[in-house]
Amino acid sequence: MSQLLQEFKHTYSLTSDWRQSFVDGLGCTIVNENMYFPEEIATGSSCFSEILPDVSVVLIDCVINKPLRFTRVPFEDDFWIVYYDLSDSISKHIVDDVNHTTGYKSKLNFAIVDNKINSSYLSTVGERFYAIRLLIRKSYLKTFFNDAEFEKDFKDVFDNKKKKMFFYGHIDSRSKVVLNALKQQQINNLNYEFLLKGAAYNLLAYLIERLNTKMPSMGTHLEKDIEAVMLSQQHLLSNLLIPFPGIEFLANIANMSPTKYRSLYSSIFGMSPPLFFKIEKLLLAKELLESGSFKLISDVAYELGYNKTTYFSSIYKDYFGVLPNTVRK
């Protein structure tokens with residue numbers, strides 16, 4: 001019998017005060033900067049550090065042992081939460097009632113969310129949950145832009161009345177190198193706090209550079225176009241058993257030209273819509289193969305709309321490094 005999903009509500013803050021709700025509500029214990037989960041909840045811990053007066057970092061490295069929905073409720077402190085997710089499996093991140101898949105295998109593993117809007121996170125039970133959150137005061141970020149840039153590109157983003165999600169997309173390559181290096185370290189090492197702070201400074205530097213280059217051009221899209229692209233994305237994720245529907249079809253869903261849609265989609269997800277669709281198909285193929293519900297490889301191939309089993313096996317090996325018959329139960 002499957003376990004019932006429980007919900008745990010909490011807040012974040014630029015100081016360590018937010019951890020008290022985890023102690024009171026989940027029975028966590030805090031030793032120095034590390035917060036350890038009770039074994040029935042999760043195996044592992046979380047580390048917190050204030051790296052600047054206006055910037056803090058939270059790292060979570062654990063294996064969830066029971067279904068649990070972590071819901072971060074809005075808080076009045078005026079800061080952004082920058083999410084980096086390198087969890088081993090795909091998890092769900094729900095921001096402002098919009099569902100996203102995130103994790104190492106998902107290209108949606110980076111987000112900037114206003115602290116004043118609601119979000120929830122559901123990690124896969126039995127899989128490693130590994131994520132970093134940078135908490136950055138908005139007024140501090142403003143100091144990195146001149147007035148003209150701010151008025152042109154970020155006026156709506158920093159408008160407290162709008163309280164909109166700012167961005168959702170992929171981790172840039174340099175940040176991914178920093179995160180992967182940190183992921184190899186043990187959180188209970190004596191020098192781990194220094195490693196975490198060093199990684200946080202690098203991530204902050206790359207983020208500011210990213211805001212000053214690629215991402216400012218996204219500012220005018222985020223209130224309407226981002227939601228339109230996400231709507232087309234939901235169509236793709238809901239129709240993985242049929243062939244790719246085509247750019248024009250998806251652009252019509254998003255109510256924009258194919259050229260604009262293709263460009264905006266690639267900016268958000270770091271890849272083209274056909275490539276995203278192909279990868280999601282392969283991730284689903286792996287789940288089907290491991291489920292034991294299919295006797296033949298060809299059955300899985302046909303289920304996913306591939307007419308040739310040899311082609312399916314070839315692209316599966318290109319992505320996962322092994323042939324599908326090595327994972328089939």
# chains A, B, ... in the order shown; residues from 1 in each chain; ligands from 1
call {"tool": "residues_around", "arguments": {"residues": "A:Ser120", "least_positions_apart": "6", "cutoff": "9 Å", "atoms": "only C-alpha atoms", "output": "ChimeraX atom specification"}}
result
/A:9,69-73,92-97
call {"tool": "closest_atom_pairs", "arguments": {"of": "stretch 207-285 of chain A", "to": "stretch 316-319 of chain A", "cutoff": "9 Å", "atoms": "only C-alpha atoms", "output": "Markdown table"}}
result
| residue | atom | partner | partner_atom | distance |
| --- | --- | --- | --- | --- |
| A:Ile279 | CA | A:Tyr319 | CA | 8.0 |
| A:Leu282 | CA | A:Tyr316 | CA | 6.4 |
| A:Ala285 | CA | A:Tyr316 | CA | 8.4 |
call {"tool": "residues_around", "arguments": {"residues": "A:Trp80", "least_positions_apart": "3", "cutoff": "6 Å", "atoms": "only C-alpha atoms", "output": "list in words"}}
result
Val113, Asp114, Asn115, Leu135 and Ile136 of chain A
call {"tool": "write_last_selection", "arguments": {"atoms": "N, CA, C and O atoms", "output": "PDB file, in the first residue's frame"}}
result
ATOM      1  N   VAL A 113      12.784  32.631  -8.053  1.00  0.00           N
ATOM      2  CA  VAL A 113      11.415  32.780  -7.578  1.00  0.00           C
ATOM      3  C   VAL A 113      11.360  33.844  -6.484  1.00  0.00           C
ATOM      4  O   VAL A 113      12.211  33.875  -5.601  1.00  0.00           O
ATOM      5  N   ASP A 114      10.386  34.706  -6.573  1.00  0.00           N
ATOM      6  CA  ASP A 114      10.200  35.732  -5.552  1.00  0.00           C
ATOM      7  C   ASP A 114       9.767  35.076  -4.239  1.00  0.00           C
ATOM      8  O   ASP A 114       8.902  34.199  -4.230  1.00  0.00           O
ATOM      9  N   ASN A 115      10.357  35.504  -3.142  1.00  0.00           N
ATOM     10  CA  ASN A 115      10.017  34.950  -1.833  1.00  0.00           C
ATOM     11  C   ASN A 115       8.567  35.196  -1.447  1.00  0.00           C
ATOM     12  O   ASN A 115       8.037  34.530  -0.561  1.00  0.00           O
ATOM     13  N   LEU A 135      19.739  32.789  -1.458  1.00  0.00           N
ATOM     14  CA  LEU A 135      18.752  33.774  -1.013  1.00  0.00           C
ATOM     15  C   LEU A 135      19.402  35.144  -1.147  1.00  0.00           C
ATOM     16  O   LEU A 135      20.391  35.435  -0.462  1.00  0.00           O
ATOM     17  N   ILE A 136      18.866  35.992  -2.044  1.00  0.00           N
ATOM     18  CA  ILE A 136      19.517  37.251  -2.379  1.00  0.00           C
ATOM     19  C   ILE A 136      18.532  38.408  -2.246  1.00  0.00           C
ATOM     20  O   ILE A 136      17.489  38.419  -2.907  1.00  0.00           O
TER      21      ILE A 136
END
call {"tool": "atom_distance", "arguments": {"atom1": "atom CA of A:Lys142", "atom2": "atom CA of A:Val55"}}
result
13.2 Å
call {"tool": "residues_around", "arguments": {"residues": "A:Lys278", "least_positions_apart": "6", "cutoff": "12 Å", "atoms": "only C-alpha atoms", "output": "PyMOL selection string"}}
result
chain A and resi 236-237+239-245+271-272+284-285+304-306+312+315-316+318-319
call {"tool": "write_last_selection", "arguments": {"atoms": "N, CA and C atoms", "output": "PDB file, in the first residue's frame"}}
result
ATOM      1  N   LEU A 236       3.501  19.071 -24.653  1.00  0.00           N
ATOM      2  CA  LEU A 236       4.534  18.098 -25.013  1.00  0.00           C
ATOM      3  C   LEU A 236       4.620  16.981 -23.974  1.00  0.00           C
ATOM      4  N   LEU A 237       4.654  17.359 -22.703  1.00  0.00           N
ATOM      5  CA  LEU A 237       4.796  16.372 -21.640  1.00  0.00           C
ATOM      6  C   LEU A 237       3.577  15.468 -21.515  1.00  0.00           C
ATOM      7  N   ASN A 239       1.851  14.407 -24.108  1.00  0.00           N
ATOM      8  CA  ASN A 239       1.663  13.652 -25.353  1.00  0.00           C
ATOM      9  C   ASN A 239       2.961  12.993 -25.815  1.00  0.00           C
ATOM     10  N   LEU A 240       3.632  12.323 -24.886  1.00  0.00           N
ATOM     11  CA  LEU A 240       4.910  11.701 -25.197  1.00  0.00           C
ATOM     12  C   LEU A 240       4.769  10.409 -26.009  1.00  0.00           C
ATOM     13  N   LEU A 241       3.556   9.899 -26.148  1.00  0.00           N
ATOM     14  CA  LEU A 241       3.366   8.631 -26.864  1.00  0.00           C
ATOM     15  C   LEU A 241       3.112   8.831 -28.350  1.00  0.00           C
ATOM     16  N   ILE A 242       3.093  10.079 -28.795  1.00  0.00           N
ATOM     17  CA  ILE A 242       2.847  10.350 -30.214  1.00  0.00           C
ATOM     18  C   ILE A 242       4.054  11.090 -30.782  1.00  0.00           C
ATOM     19  N   PRO A 243       4.166  11.183 -32.110  1.00  0.00           N
ATOM     20  CA  PRO A 243       5.299  11.909 -32.706  1.00  0.00           C
ATOM     21  C   PRO A 243       5.298  13.382 -32.331  1.00  0.00           C
ATOM     22  N   PHE A 244       6.454  14.013 -32.496  1.00  0.00           N
ATOM     23  CA  PHE A 244       6.597  15.447 -32.206  1.00  0.00           C
ATOM     24  C   PHE A 244       5.606  16.241 -33.065  1.00  0.00           C
ATOM     25  N   PRO A 245       4.815  17.137 -32.457  1.00  0.00           N
ATOM     26  CA  PRO A 245       3.731  17.804 -33.188  1.00  0.00           C
ATOM     27  C   PRO A 245       4.176  18.907 -34.151  1.00  0.00           C
ATOM     28  N   MET A 271      17.657  24.288 -25.121  1.00  0.00           N
ATOM     29  CA  MET A 271      17.624  23.311 -26.216  1.00  0.00           C
ATOM     30  C   MET A 271      16.385  23.572 -27.053  1.00  0.00           C
ATOM     31  N   SER A 272      16.315  22.918 -28.201  1.00  0.00           N
ATOM     32  CA  SER A 272      15.159  23.083 -29.087  1.00  0.00           C
ATOM     33  C   SER A 272      13.991  22.235 -28.598  1.00  0.00           C
ATOM     34  N   LEU A 284      10.991   8.567 -20.260  1.00  0.00           N
ATOM     35  CA  LEU A 284       9.799   7.748 -20.072  1.00  0.00           C
ATOM     36  C   LEU A 284      10.085   6.311 -20.470  1.00  0.00           C
ATOM     37  N   ALA A 285      10.857   6.125 -21.538  1.00  0.00           N
ATOM     38  CA  ALA A 285      11.223   4.772 -21.979  1.00  0.00           C
ATOM     39  C   ALA A 285      11.949   4.023 -20.875  1.00  0.00           C
ATOM     40  N   LEU A 304       5.922   4.126 -27.515  1.00  0.00           N
ATOM     41  CA  LEU A 304       6.393   5.507 -27.577  1.00  0.00           C
ATOM     42  C   LEU A 304       6.374   6.075 -28.995  1.00  0.00           C
ATOM     43  N   GLY A 305       5.831   5.312 -29.934  1.00  0.00           N
ATOM     44  CA  GLY A 305       5.675   5.827 -31.286  1.00  0.00           C
ATOM     45  C   GLY A 305       6.849   5.600 -32.212  1.00  0.00           C
ATOM     46  N   TYR A 306       7.807   4.743 -31.826  1.00  0.00           N
ATOM     47  CA  TYR A 306       8.936   4.413 -32.690  1.00  0.00           C
ATOM     48  C   TYR A 306       8.592   3.158 -33.510  1.00  0.00           C
ATOM     49  N   PHE A 312      15.159   2.989 -32.066  1.00  0.00           N
ATOM     50  CA  PHE A 312      14.889   3.272 -30.654  1.00  0.00           C
ATOM     51  C   PHE A 312      16.072   2.839 -29.786  1.00  0.00           C
ATOM     52  N   ILE A 315      19.149   5.352 -30.270  1.00  0.00           N
ATOM     53  CA  ILE A 315      19.084   6.655 -29.602  1.00  0.00           C
ATOM     54  C   ILE A 315      19.062   6.484 -28.080  1.00  0.00           C
ATOM     55  N   TYR A 316      18.516   5.363 -27.607  1.00  0.00           N
ATOM     56  CA  TYR A 316      18.525   5.076 -26.169  1.00  0.00           C
ATOM     57  C   TYR A 316      19.965   4.914 -25.688  1.00  0.00           C
ATOM     58  N   ASP A 318      22.652   6.099 -27.150  1.00  0.00           N
ATOM     59  CA  ASP A 318      23.358   7.375 -27.288  1.00  0.00           C
ATOM     60  C   ASP A 318      23.137   8.260 -26.068  1.00  0.00           C
ATOM     61  N   TYR A 319      21.936   8.176 -25.485  1.00  0.00           N
ATOM     62  CA  TYR A 319      21.610   9.050 -24.353  1.00  0.00           C
ATOM     63  C   TYR A 319      22.038   8.458 -23.015  1.00  0.00           C
TER      64      TYR A 319
END
